[in-house]
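Undergrad: entry_17.pdb is reproduced in full below (PDB, C-alpha atoms and all ligand atoms).
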MODEL        1
ATOM      1  CA  MET U   1      90.084 181.870 175.556
ATOM      2  CA  GLY U   2      89.910 182.548 179.280
ATOM      3  CA  LYS U   3      88.753 180.473 182.228
ATOM      4  CA  ASP U   4      85.437 178.772 181.537
ATOM      5  CA  VAL U   5      83.057 176.057 182.668
ATOM      6  CA  ILE U   6      82.532 173.316 180.066
ATOM      7  CA  VAL U   7      79.311 171.340 180.440
ATOM      8  CA  ALA U   8      79.690 167.645 179.555
ATOM      9  CA  CYS U   9      76.537 166.888 177.544
ATOM     10  CA  ASP U  10      76.696 163.131 178.017
ATOM     11  CA  PHE U  11      73.289 162.439 176.501
ATOM     12  CA  SER U  12      72.427 159.636 174.095
ATOM     13  CA  SER U  13      70.324 161.632 171.625
ATOM     14  CA  ALA U  14      70.037 165.026 169.981
ATOM     15  CA  GLU U  15      66.529 165.309 171.423
ATOM     16  CA  ALA U  16      67.739 164.945 175.036
ATOM     17  CA  THR U  17      70.627 167.318 174.355
ATOM     18  CA  PHE U  18      68.452 170.077 172.914
ATOM     19  CA  GLU U  19      65.870 169.618 175.649
ATOM     20  CA  PHE U  20      68.729 170.255 178.091
ATOM     21  CA  LEU U  21      70.280 173.176 176.147
ATOM     22  CA  ASP U  22      66.876 174.827 175.648
ATOM     23  CA  ARG U  23      66.759 175.354 179.432
ATOM     24  CA  PHE U  24      69.609 177.828 178.973
ATOM     25  CA  ALA U  25      67.689 179.949 176.448
ATOM     26  CA  GLU U  26      67.095 182.710 179.003
ATOM     27  CA  ALA U  27      70.342 182.165 180.969
ATOM     28  CA  GLU U  28      72.807 185.042 181.229
ATOM     29  CA  ARG U  29      75.553 182.896 179.702
ATOM     30  CA  LYS U  30      75.667 180.278 176.910
ATOM     31  CA  PRO U  31      77.533 177.228 178.190
ATOM     32  CA  PHE U  32      80.678 175.904 176.493
ATOM     33  CA  VAL U  33      79.548 172.374 175.589
ATOM     34  CA  LYS U  34      81.486 169.107 175.618
ATOM     35  CA  ILE U  35      80.267 166.492 173.157
ATOM     36  CA  GLY U  36      81.539 163.024 173.972
ATOM     37  CA  MET U  37      81.540 159.657 172.267
ATOM     38  CA  GLU U  38      78.024 158.631 173.276
ATOM     39  CA  LEU U  39      76.290 161.577 171.645
ATOM     40  CA  TYR U  40      78.664 161.809 168.677
ATOM     41  CA  TYR U  41      78.297 158.120 167.808
ATOM     42  CA  ALA U  42      74.525 158.332 168.194
ATOM     43  CA  GLU U  43      73.977 161.457 166.123
ATOM     44  CA  GLY U  44      77.048 161.941 163.932
ATOM     45  CA  PRO U  45      78.800 165.167 162.934
ATOM     46  CA  GLY U  46      75.519 167.051 162.393
ATOM     47  CA  ILE U  47      75.150 167.422 166.167
ATOM     48  CA  VAL U  48      78.388 169.417 166.320
ATOM     49  CA  ARG U  49      77.269 171.745 163.524
ATOM     50  CA  GLU U  50      73.842 172.283 165.122
ATOM     51  CA  ILE U  51      75.173 173.091 168.607
ATOM     52  CA  LYS U  52      77.729 175.405 167.028
ATOM     53  CA  ARG U  53      74.955 177.084 165.009
ATOM     54  CA  ARG U  54      73.149 177.769 168.279
ATOM     55  CA  GLY U  55      76.143 179.782 169.398
ATOM     56  CA  HIS U  56      77.887 177.418 171.839
ATOM     57  CA  LYS U  57      81.627 176.810 171.902
ATOM     58  CA  ILE U  58      82.392 173.107 171.565
ATOM     59  CA  PHE U  59      84.930 170.729 173.062
ATOM     60  CA  LEU U  60      84.698 167.588 170.914
ATOM     61  CA  ASP U  61      85.847 164.873 173.314
ATOM     62  CA  LEU U  62      86.519 161.904 171.046
ATOM     63  CA  LYS U  63      89.867 160.931 172.631
ATOM     64  CA  LEU U  64      91.518 159.673 169.448
ATOM     65  CA  HIS U  65      94.095 156.886 169.823
ATOM     66  CA  ASP U  66      95.274 154.960 166.739
ATOM     67  CA  ILE U  67      98.246 154.737 164.381
ATOM     68  CA  PRO U  68      99.573 158.160 163.292
ATOM     69  CA  ASN U  69      98.328 157.923 159.711
ATOM     70  CA  THR U  70      94.768 157.126 160.778
ATOM     71  CA  VAL U  71      94.747 159.886 163.389
ATOM     72  CA  ARG U  72      96.133 162.434 160.883
ATOM     73  CA  LYS U  73      93.322 161.669 158.434
ATOM     74  CA  ALA U  74      90.630 161.566 161.113
ATOM     75  CA  MET U  75      91.780 164.926 162.501
ATOM     76  CA  ALA U  76      91.636 166.470 159.009
ATOM     77  CA  VAL U  77      87.931 165.536 158.951
ATOM     78  CA  VAL U  78      87.347 166.687 162.549
ATOM     79  CA  SER U  79      88.958 170.035 161.746
ATOM     80  CA  LYS U  80      86.167 170.822 159.264
ATOM     81  CA  LEU U  81      83.557 170.593 162.053
ATOM     82  CA  ASP U  82      84.853 173.841 163.534
ATOM     83  CA  ALA U  83      84.994 172.620 167.152
ATOM     84  CA  ASP U  84      86.968 174.887 169.499
ATOM     85  CA  ILE U  85      88.817 172.112 171.361
ATOM     86  CA  VAL U  86      89.512 168.500 170.333
ATOM     87  CA  ASN U  87      91.542 165.787 172.038
ATOM     88  CA  LEU U  88      93.484 162.530 171.877
ATOM     89  CA  HIS U  89      95.223 160.118 174.249
ATOM     90  CA  ALA U  90      98.849 161.046 174.958
ATOM     91  CA  ALA U  91      99.411 157.284 175.338
ATOM     92  CA  GLY U  92      99.269 157.183 171.508
ATOM     93  CA  THR U  93     102.863 158.486 171.633
ATOM     94  CA  ARG U  94     104.748 161.405 170.119
ATOM     95  CA  ALA U  95     104.390 160.355 166.450
ATOM     96  CA  MET U  96     100.613 160.154 166.835
ATOM     97  CA  MET U  97     100.368 163.582 168.512
ATOM     98  CA  GLU U  98     102.477 165.227 165.794
ATOM     99  CA  ALA U  99     100.411 163.570 163.062
ATOM    100  CA  ALA U 100      97.218 164.781 164.779
ATOM    101  CA  LEU U 101      98.451 168.382 164.715
ATOM    102  CA  GLU U 102      99.309 168.106 161.017
ATOM    103  CA  GLY U 103      95.875 166.722 160.196
ATOM    104  CA  LEU U 104      94.087 169.317 162.272
ATOM    105  CA  THR U 105      95.828 172.346 160.739
ATOM    106  CA  ARG U 106      93.727 173.924 157.984
ATOM    107  CA  GLU U 107      95.131 175.391 154.763
ATOM    108  CA  ASP U 108      95.006 178.906 156.231
ATOM    109  CA  GLY U 109      97.094 177.767 159.235
ATOM    110  CA  THR U 110      94.224 177.893 161.770
ATOM    111  CA  ARG U 111      93.152 174.881 163.829
ATOM    112  CA  PRO U 112      91.087 173.970 166.905
ATOM    113  CA  LEU U 113      92.989 173.717 170.193
ATOM    114  CA  LEU U 114      94.385 170.208 170.637
ATOM    115  CA  ILE U 115      94.695 168.761 174.117
ATOM    116  CA  ALA U 116      95.835 165.370 175.375
ATOM    117  CA  VAL U 117      94.283 163.006 177.879
ATOM    118  CA  THR U 118      96.914 161.849 180.375
ATOM    119  CA  GLN U 119      95.439 159.334 182.823
ATOM    120  CA  LEU U 120      91.654 159.254 183.092
ATOM    121  CA  THR U 121      90.413 160.622 186.403
ATOM    122  CA  SER U 122      88.661 157.269 186.955
ATOM    123  CA  THR U 123      92.098 155.597 187.022
ATOM    124  CA  ASP U 124      93.965 155.480 190.303
ATOM    125  CA  GLN U 125      97.397 154.202 191.282
ATOM    126  CA  GLU U 126      96.099 150.703 191.961
ATOM    127  CA  SER U 127      94.224 150.229 188.654
ATOM    128  CA  MET U 128      97.089 151.800 186.695
ATOM    129  CA  GLU U 129      99.571 149.309 188.168
ATOM    130  CA  ARG U 130      97.247 146.310 187.998
ATOM    131  CA  ASP U 131      95.625 146.875 184.586
ATOM    132  CA  LEU U 132      98.214 148.885 182.646
ATOM    133  CA  LEU U 133     101.401 147.538 184.266
ATOM    134  CA  ILE U 134     102.652 151.093 184.804
ATOM    135  CA  GLU U 135     104.531 150.978 188.057
ATOM    136  CA  LYS U 136     105.450 154.635 188.547
ATOM    137  CA  PRO U 137     103.671 157.124 190.786
ATOM    138  CA  ILE U 138     100.564 158.347 188.908
ATOM    139  CA  ALA U 139     101.638 162.000 189.320
ATOM    140  CA  GLU U 140     104.923 161.228 187.567
ATOM    141  CA  VAL U 141     103.100 159.441 184.719
ATOM    142  CA  VAL U 142     100.688 162.359 184.239
ATOM    143  CA  MET U 143     103.555 164.853 184.217
ATOM    144  CA  HIS U 144     105.563 162.817 181.714
ATOM    145  CA  TYR U 145     102.562 162.629 179.342
ATOM    146  CA  ALA U 146     101.928 166.374 179.747
ATOM    147  CA  LYS U 147     105.563 167.253 179.051
ATOM    148  CA  THR U 148     105.609 165.053 175.940
ATOM    149  CA  ALA U 149     102.366 166.638 174.694
ATOM    150  CA  ALA U 150     103.817 170.134 175.230
ATOM    151  CA  GLU U 151     107.019 169.193 173.391
ATOM    152  CA  CYS U 152     104.900 168.000 170.448
ATOM    153  CA  GLY U 153     103.209 171.426 170.260
ATOM    154  CA  LEU U 154      99.834 170.532 171.774
ATOM    155  CA  ASP U 155      97.921 173.248 173.620
ATOM    156  CA  GLY U 156      97.210 171.504 176.900
ATOM    157  CA  VAL U 157      96.061 168.412 178.717
ATOM    158  CA  VAL U 158      92.987 166.958 180.305
ATOM    159  CA  CYS U 159      94.023 166.150 183.843
ATOM    160  CA  SER U 160      92.752 166.013 187.391
ATOM    161  CA  PRO U 161      92.524 169.464 188.989
ATOM    162  CA  LEU U 162      94.857 167.979 191.614
ATOM    163  CA  GLU U 163      97.578 168.029 188.935
ATOM    164  CA  ALA U 164      96.867 171.430 187.340
ATOM    165  CA  GLY U 165      99.443 173.410 189.318
ATOM    166  CA  LYS U 166     102.201 170.920 188.690
ATOM    167  CA  VAL U 167     101.357 170.757 184.943
ATOM    168  CA  HIS U 168     101.696 174.542 184.740
ATOM    169  CA  SER U 169     105.001 174.520 186.585
ATOM    170  CA  VAL U 170     106.416 171.820 184.269
ATOM    171  CA  CYS U 171     104.841 172.898 180.931
ATOM    172  CA  GLY U 172     104.319 176.653 181.423
ATOM    173  CA  ASN U 173     101.322 178.767 182.399
ATOM    174  CA  SER U 174      99.989 179.091 178.847
ATOM    175  CA  PHE U 175      99.732 175.285 178.542
ATOM    176  CA  LEU U 176      96.048 174.656 179.230
ATOM    177  CA  THR U 177      94.725 172.425 181.985
ATOM    178  CA  VAL U 178      91.211 171.147 181.287
ATOM    179  CA  THR U 179      89.974 169.386 184.384
ATOM    180  CA  PRO U 180      87.074 166.972 184.862
ATOM    181  CA  GLY U 181      86.428 165.238 188.184
ATOM    182  CA  ILE U 182      84.554 168.261 189.560
ATOM    183  CA  ARG U 183      81.992 167.893 192.320
ATOM    184  CA  PHE U 184      80.209 170.342 194.597
ATOM    185  CA  ALA U 185      81.246 170.130 198.251
ATOM    186  CA  ASP U 186      77.782 168.791 199.130
ATOM    187  CA  GLY U 187      77.449 166.498 196.041
ATOM    188  CA  ASP U 188      77.883 162.827 195.048
ATOM    189  CA  LYS U 189      81.331 161.615 193.836
ATOM    190  CA  GLY U 190      79.832 158.912 191.568
ATOM    191  CA  ASP U 191      82.556 156.927 189.758
ATOM    192  CA  GLN U 192      85.150 159.734 189.894
ATOM    193  CA  LYS U 193      87.987 158.917 192.264
ATOM    194  CA  ARG U 194      89.995 162.131 192.318
ATOM    195  CA  VAL U 195      87.640 165.111 192.680
ATOM    196  CA  MET U 196      87.683 168.832 193.546
ATOM    197  CA  THR U 197      85.078 171.584 193.910
ATOM    198  CA  PRO U 198      84.926 174.343 191.237
ATOM    199  CA  ALA U 199      86.349 176.845 193.747
ATOM    200  CA  ALA U 200      89.217 174.532 194.685
ATOM    201  CA  ALA U 201      89.935 173.866 190.978
ATOM    202  CA  LYS U 202      90.207 177.629 190.435
ATOM    203  CA  GLU U 203      92.572 177.868 193.385
ATOM    204  CA  ALA U 204      94.595 174.963 191.934
ATOM    205  CA  GLY U 205      95.030 176.829 188.610
ATOM    206  CA  SER U 206      92.682 174.919 186.247
ATOM    207  CA  ASP U 207      91.978 176.820 183.009
ATOM    208  CA  TYR U 208      88.725 175.016 182.201
ATOM    209  CA  ILE U 209      86.617 172.754 184.390
ATOM    210  CA  VAL U 210      84.527 170.027 182.762
ATOM    211  CA  VAL U 211      81.346 169.365 184.699
ATOM    212  CA  GLY U 212      78.821 166.692 183.747
ATOM    213  CA  ARG U 213      76.402 165.073 186.178
ATOM    214  CA  PRO U 214      76.520 167.793 188.866
ATOM    215  CA  ILE U 215      74.865 170.008 186.193
ATOM    216  CA  THR U 216      73.016 167.606 183.860
ATOM    217  CA  LYS U 217      71.413 165.629 186.698
ATOM    218  CA  ALA U 218      70.675 168.659 188.880
ATOM    219  CA  GLU U 219      67.083 169.561 189.608
ATOM    220  CA  ASP U 220      67.873 173.025 188.286
ATOM    221  CA  PRO U 221      70.723 172.668 185.741
ATOM    222  CA  VAL U 222      70.938 176.406 185.052
ATOM    223  CA  ALA U 223      71.387 177.133 188.767
ATOM    224  CA  ALA U 224      74.014 174.374 189.064
ATOM    225  CA  TYR U 225      75.841 175.779 186.007
ATOM    226  CA  MET U 226      75.730 179.307 187.413
ATOM    227  CA  ARG U 227      77.019 177.989 190.748
ATOM    228  CA  CYS U 228      80.038 176.581 188.870
ATOM    229  CA  VAL U 229      80.516 179.881 186.991
ATOM    230  CA  ASN U 230      80.326 181.871 190.234
ATOM    231  CA  GLU U 231      82.791 179.592 192.000
ATOM    232  CA  PHE U 232      85.216 179.149 189.088
ATOM    233  CA  VAL U 233      85.057 182.139 186.724
ATOM    234  CA  ASP U 234      83.911 185.181 188.691
TER
HETATM  235  O1  LIG E   1      79.602 163.570 185.083
HETATM  236  P1  LIG E   1      81.030 163.966 185.293
HETATM  237  O2  LIG E   1      81.193 165.367 185.870
HETATM  238  O3  LIG E   1      81.841 162.937 186.054
HETATM  239  O4  LIG E   1      81.611 164.020 183.802
HETATM  240  C1  LIG E   1      82.974 164.212 183.526
HETATM  241  C2  LIG E   1      83.174 164.218 182.055
HETATM  242  O5  LIG E   1      84.578 164.353 181.794
HETATM  243  C3  LIG E   1      82.723 162.945 181.351
HETATM  244  O6  LIG E   1      82.209 163.331 180.079
HETATM  245  C4  LIG E   1      84.003 162.135 181.188
HETATM  246  O7  LIG E   1      83.989 161.319 180.050
HETATM  247  C5  LIG E   1      85.045 163.247 181.032
HETATM  248  N1  LIG E   1      86.419 162.895 181.393
HETATM  249  C6  LIG E   1      86.782 162.469 182.657
HETATM  250  N2  LIG E   1      88.098 162.207 182.948
HETATM  251  C7  LIG E   1      89.042 162.380 182.013
HETATM  252  C8  LIG E   1      88.708 162.812 180.734
HETATM  253  C9  LIG E   1      87.364 163.081 180.458
HETATM  254  O8  LIG E   1      85.930 162.347 183.518
HETATM  255  N3  LIG E   1      90.325 162.193 182.327
ENDMDL
END
Output the file's structure as C-alpha cells, nothing else.
TA:
Amino acid sequence: MGKDVIVACDFSSAEATFEFLDRFAEAERKPFVKIGMELYYAEGPGIVREIKRRGHKIFLDLKLHDIPNTVRKAMAVVSKLDADIVNLHAAGTRAMMEAALEGLTREDGTRPLLIAVTQLTSTDQESMERDLLIEKPIAEVVMHYAKTAAECGLDGVVCSPLEAGKVHSVCGNSFLTVTPGIRFADGDKGDQKRVMTPAAAKEAGSDYIVVGRPITKAEDPVAAYMRCVNEFVD
C-alpha cells in the first residue's frame, strides 16, 4: 500500500455514514475509510462488511488494550472482518502486542496490517505528566513505544505527523506512520493539540494521513477530500 488519505468516518449510525459515503459515488477516487469506536459500537461488525463490499479499504480503529489472552482472541475475531489495517495501544506492552499478532494471523499466514497507538495526539507533555505520571519528554515516549512495536513485528504506529520522520529514522522507512492531527492551513484546530497540514505531513514523511472533521464537516466533503489527496498523494 502506498501513501493515502484515510477519512475518519466518526459518525454514530450506518445511515449517516452511507449518506456521507454516497457523496463520493461520482468521485474520481474511493476513500480509504477509518471506522472508529463510535460507529462500530453503534452498528456492529456488519458495518465493516458493508463498507468493504462497497469497495473501500478499511482501517478499523478500535485501539485494543487488555490482557494478552483477551486481545489474542479478540484479534482472531477482528481478522475475519477483512479490514486492511487494525490497531492497539502500545501501552498494553510487548506481551499484548505479540499476542495480538498471533490472533490476527489467519491459517493461510495472511493478516491485516497491525499498527500501534503511541500517545494520542490530544495528549501533550503537560497532560502526560499530570495524568499518566510519565515524566519523560513526549518525543522520547513516542519513540520508545514505536521501537517496542517494531521489535514485536508490528507494521507501524499511529503518531503525530511531527514525529513521522523520527519514527522512520529509528524504526526504518518501511515501518508505517499513520498520522491524525491533520488540519488545513486555513482551518479550525478543534481539540487536536499537535497538528500539521496534509502538505506538511507529506514533507514530514507520513505514510497515511487520517483526516476527520476537516472532511466530514466540510461544506463540500468531496472537495475537501480531493484537496487532501492533491496536497498529500499527488
Ligand atoms: O476530526 P479529526 O481529524 O481530529 O479526527 C482524527 C481521527 O483520528 C479521530 O477519529 C481520532 O479518534 C483519531 N486519532 C487521533 N489521534 C490518535 C489516534 C487516533 O486523533 N493518536
Undergrad: Could you tell me how far atom O5 of ligand LIG 1 (chain E) lies from atom CA of U:His144, in Å and to one decimal?
TA: 21.0 Å
Undergrad: Check which residues of chain U sit at most 7 Å from ligand LIG 1 (chain E) using only C-alpha atoms and all ligand atoms, and return one row each with the closest pair of atoms and their distance in Å to one decimal, ordered by chain and rising number, as JSON lines.
TA:
{"residue": "U:Ala8", "atom": "CA", "partner": "E:LIG1", "partner_atom": "O6", "distance": 5.0}
{"residue": "U:Asp10", "atom": "CA", "partner": "E:LIG1", "partner_atom": "O6", "distance": 5.9}
{"residue": "U:Gly36", "atom": "CA", "partner": "E:LIG1", "partner_atom": "O6", "distance": 6.2}
{"residue": "U:Val117", "atom": "CA", "partner": "E:LIG1", "partner_atom": "N3", "distance": 6.0}
{"residue": "U:Thr118", "atom": "CA", "partner": "E:LIG1", "partner_atom": "N3", "distance": 6.9}
{"residue": "U:Gln119", "atom": "CA", "partner": "E:LIG1", "partner_atom": "N3", "distance": 5.9}
{"residue": "U:Leu120", "atom": "CA", "partner": "E:LIG1", "partner_atom": "N3", "distance": 3.3}
{"residue": "U:Thr121", "atom": "CA", "partner": "E:LIG1", "partner_atom": "N3", "distance": 4.4}
{"residue": "U:Ser122", "atom": "CA", "partner": "E:LIG1", "partner_atom": "N2", "distance": 6.4}
{"residue": "U:Val158", "atom": "CA", "partner": "E:LIG1", "partner_atom": "N3", "distance": 5.8}
{"residue": "U:Cys159", "atom": "CA", "partner": "E:LIG1", "partner_atom": "N3", "distance": 5.6}
{"residue": "U:Ser160", "atom": "CA", "partner": "E:LIG1", "partner_atom": "N3", "distance": 6.8}
{"residue": "U:Pro180", "atom": "CA", "partner": "E:LIG1", "partner_atom": "O5", "distance": 4.7}
{"residue": "U:Gly181", "atom": "CA", "partner": "E:LIG1", "partner_atom": "O8", "distance": 5.5}
{"residue": "U:Ile182", "atom": "CA", "partner": "E:LIG1", "partner_atom": "O2", "distance": 5.8}
{"residue": "U:Arg183", "atom": "CA", "partner": "E:LIG1", "partner_atom": "O2", "distance": 7.0}
{"residue": "U:Gln192", "atom": "CA", "partner": "E:LIG1", "partner_atom": "O3", "distance": 6.0}
{"residue": "U:Val210", "atom": "CA", "partner": "E:LIG1", "partner_atom": "O5", "distance": 5.8}
{"residue": "U:Val211", "atom": "CA", "partner": "E:LIG1", "partner_atom": "O2", "distance": 4.2}
{"residue": "U:Gly212", "atom": "CA", "partner": "E:LIG1", "partner_atom": "O2", "distance": 3.4}
{"residue": "U:Arg213", "atom": "CA", "partner": "E:LIG1", "partner_atom": "O1", "distance": 3.7}
{"residue": "U:Pro214", "atom": "CA", "partner": "E:LIG1", "partner_atom": "O2", "distance": 6.1}
Undergrad: Can you list what the PyMOL selection byres (((chain U and resi 17-28) around 10) and not hetatm) grabs from this structure, as a PDB file with C-alpha atoms, in the frame of the given file?
TA:
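expr-v7.pdb, freshly written:
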ATOM      1  CA  CYS U   9      76.537 166.888 177.544  1.00  0.00           C
ATOM      2  CA  ASP U  10      76.696 163.131 178.017  1.00  0.00           C
ATOM      3  CA  PHE U  11      73.289 162.439 176.501  1.00  0.00           C
ATOM      4  CA  SER U  12      72.427 159.636 174.095  1.00  0.00           C
ATOM      5  CA  SER U  13      70.324 161.632 171.625  1.00  0.00           C
ATOM      6  CA  ALA U  14      70.037 165.026 169.981  1.00  0.00           C
ATOM      7  CA  GLU U  15      66.529 165.309 171.423  1.00  0.00           C
ATOM      8  CA  ALA U  16      67.739 164.945 175.036  1.00  0.00           C
ATOM      9  CA  ARG U  29      75.553 182.896 179.702  1.00  0.00           C
ATOM     10  CA  LYS U  30      75.667 180.278 176.910  1.00  0.00           C
ATOM     11  CA  PRO U  31      77.533 177.228 178.190  1.00  0.00           C
ATOM     12  CA  VAL U  33      79.548 172.374 175.589  1.00  0.00           C
ATOM     13  CA  ILE U  35      80.267 166.492 173.157  1.00  0.00           C
ATOM     14  CA  LEU U  39      76.290 161.577 171.645  1.00  0.00           C
ATOM     15  CA  ILE U  47      75.150 167.422 166.167  1.00  0.00           C
ATOM     16  CA  GLU U  50      73.842 172.283 165.122  1.00  0.00           C
ATOM     17  CA  ILE U  51      75.173 173.091 168.607  1.00  0.00           C
ATOM     18  CA  ARG U  54      73.149 177.769 168.279  1.00  0.00           C
ATOM     19  CA  HIS U  56      77.887 177.418 171.839  1.00  0.00           C
ATOM     20  CA  THR U 216      73.016 167.606 183.860  1.00  0.00           C
ATOM     21  CA  ASP U 220      67.873 173.025 188.286  1.00  0.00           C
ATOM     22  CA  PRO U 221      70.723 172.668 185.741  1.00  0.00           C
ATOM     23  CA  VAL U 222      70.938 176.406 185.052  1.00  0.00           C
ATOM     24  CA  ALA U 223      71.387 177.133 188.767  1.00  0.00           C
ATOM     25  CA  TYR U 225      75.841 175.779 186.007  1.00  0.00           C
ATOM     26  CA  MET U 226      75.730 179.307 187.413  1.00  0.00           C
TER      27      MET U 226
END
Undergrad: Quick check on the file I pasted: which residues fall under the PyMOL selection byres (((chain U and resi 71) around 12) and not hetatm)? Write them as number ranges by chain.
TA: U: 62-70, 72-79, 87-89, 92-93, 95-104
Undergrad: Choose the residue, out of U:Glu151, U:Gly55, U:Ala91, U:Leu81, that has the smallest atom-to-atom separation from U:Leu132; count all atoms listed in the file.
TA: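 Going through U:Glu151, U:Gly55, U:Ala91, U:Leu81 one by one, the smallest distance to U:Leu132 is for U:Ala91.
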Undergrad: As an exercise, work out the distance from atom CA of U:Val86 to atom CA of U:Pro161 in Å and give it to one decimal place.
TA: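 Here the two named atoms are 18.9 Å from each other.
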Undergrad: For U:His168, which of U:Glu38, U:Asp207, U:Glu126, U:Asp131 is the closest residue, counting only C-alpha atoms?
TA: U:Asp207
